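Structure first, commentary second.
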Amino acid sequence: MSKPLIGVMPLWDEGKKSIWMLPGYLEGIREAGGTPVIFPLTEDREELEQLCSLCNGFLITGGQDVDPAIYRETPIPQICTVLDQMERQVLEYVIKEDKAVLGICRGIQYLNAMLDGSLYQDLNVQHPSKTEHHMEPPYDRVIHQVQIIDGTPLHQLLQVIELGVNSYHHQAVKTLAPSLTVMAESEDGLVEAVYMPKKNYVWAVQWHPELSYQTDKYSR
């Protein structure tokens, strides 16, 4: 029996002008029973639709900040517009065809922005808090807690209402997209996990299970 093919969005190195990948994303998919495939960085719709049609599921990885123009704000940070446009096309395909997708870190942020939500561009300025959201390594340890909302798919999966997570981000969901529902929140009130109720499996989390799945059963 063939394994599910999981399309992985590339990471982009602006300095080296090259795509790259963290092994945790790929190894985590393999351990979960899938076969990961890294997509090229492209806006070519025909190429992306062909690649998407071959995949059973998708992973929207971390990476550069989402272009604030998507949620009608002026940009503060460094962005990668090609990646933004590429992921828009992939997510539009995924949602239309009702395929599975998991967003991690930037993935939850991009999903929310693309679906007409907005983001905090810089948490230190726009949402100061005693909760640590930009931890130092090692990243396979708990840095803060999240509250999982009772009755959500994440609660049904993990069977816990509180979860210790790692955290490495400086942006976050500000205004939730109308088509998304919150599954978990941080101690200081940030959205930490979402899903799209009208779809089979459109999930996203703000923490990094790809960095902690080897030591934490819930990350798996």
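By order of appearance in the structure tokens: chains A, B, ..., then residues from 1 within every chain, and ligands from 1 in the order shown.
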
For segment 130-208 of chain A against segment 81-95 of chain A, with a cut-off of 10 Å and counting only C-alpha atoms, what is the closest atom pair and its distance in Å to one decimal for every residue that makes the cut, ordered by chain and number, as JSON lines?
```
{"residue": "A:Met196", "atom": "CA", "partner": "A:Ile95", "partner_atom": "CA", "distance": 9.5}
{"residue": "A:Lys198", "atom": "CA", "partner": "A:Ile95", "partner_atom": "CA", "distance": 9.7}
{"residue": "A:Lys199", "atom": "CA", "partner": "A:Ile95", "partner_atom": "CA", "distance": 7.4}
{"residue": "A:Asn200", "atom": "CA", "partner": "A:Ile95", "partner_atom": "CA", "distance": 9.4}
{"residue": "A:Tyr201", "atom": "CA", "partner": "A:Ile95", "partner_atom": "CA", "distance": 9.4}
{"residue": "A:Val202", "atom": "CA", "partner": "A:Ile95", "partner_atom": "CA", "distance": 7.9}
```

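Minimum distance to Lys130 of chain A across A:Thr61, A:Ser186, A:Thr74, A:Asn56 (counting only C-alpha atoms) occurs at A:Ser186.
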
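For His169 of chain A, the list of residues within 9 Å, based on only C-alpha atoms and with local chain neighbours fewer than 4 positions off taken out, reads A:Cys105, A:Arg106, A:Leu123, A:His133, A:His134, A:Met135, A:Gln206, A:Trp207.
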
Worksheet entry | segment 15-199 of chain A: residues DSSP assigns to strand (DSSP E), reported as a ChimeraX atom specification | /A:18-20,35-38,57-60,100-104,118-120,144-148,162-165,172-175,181-186,191-195

Worksheet item: Between A:Tyr25, A:Arg72, A:Lys16, A:Lys96, which is the closest to Cys52 of chain A once you count only C-alpha atoms?
Response: A:Lys96

Fill in: Exercise: Cys80 of chain A partners within 10 Å, only C-alpha atoms, chain neighbours under 4 positions left out, as a PyMOL selection string
chain A and resi 12-14+63-67+84-85
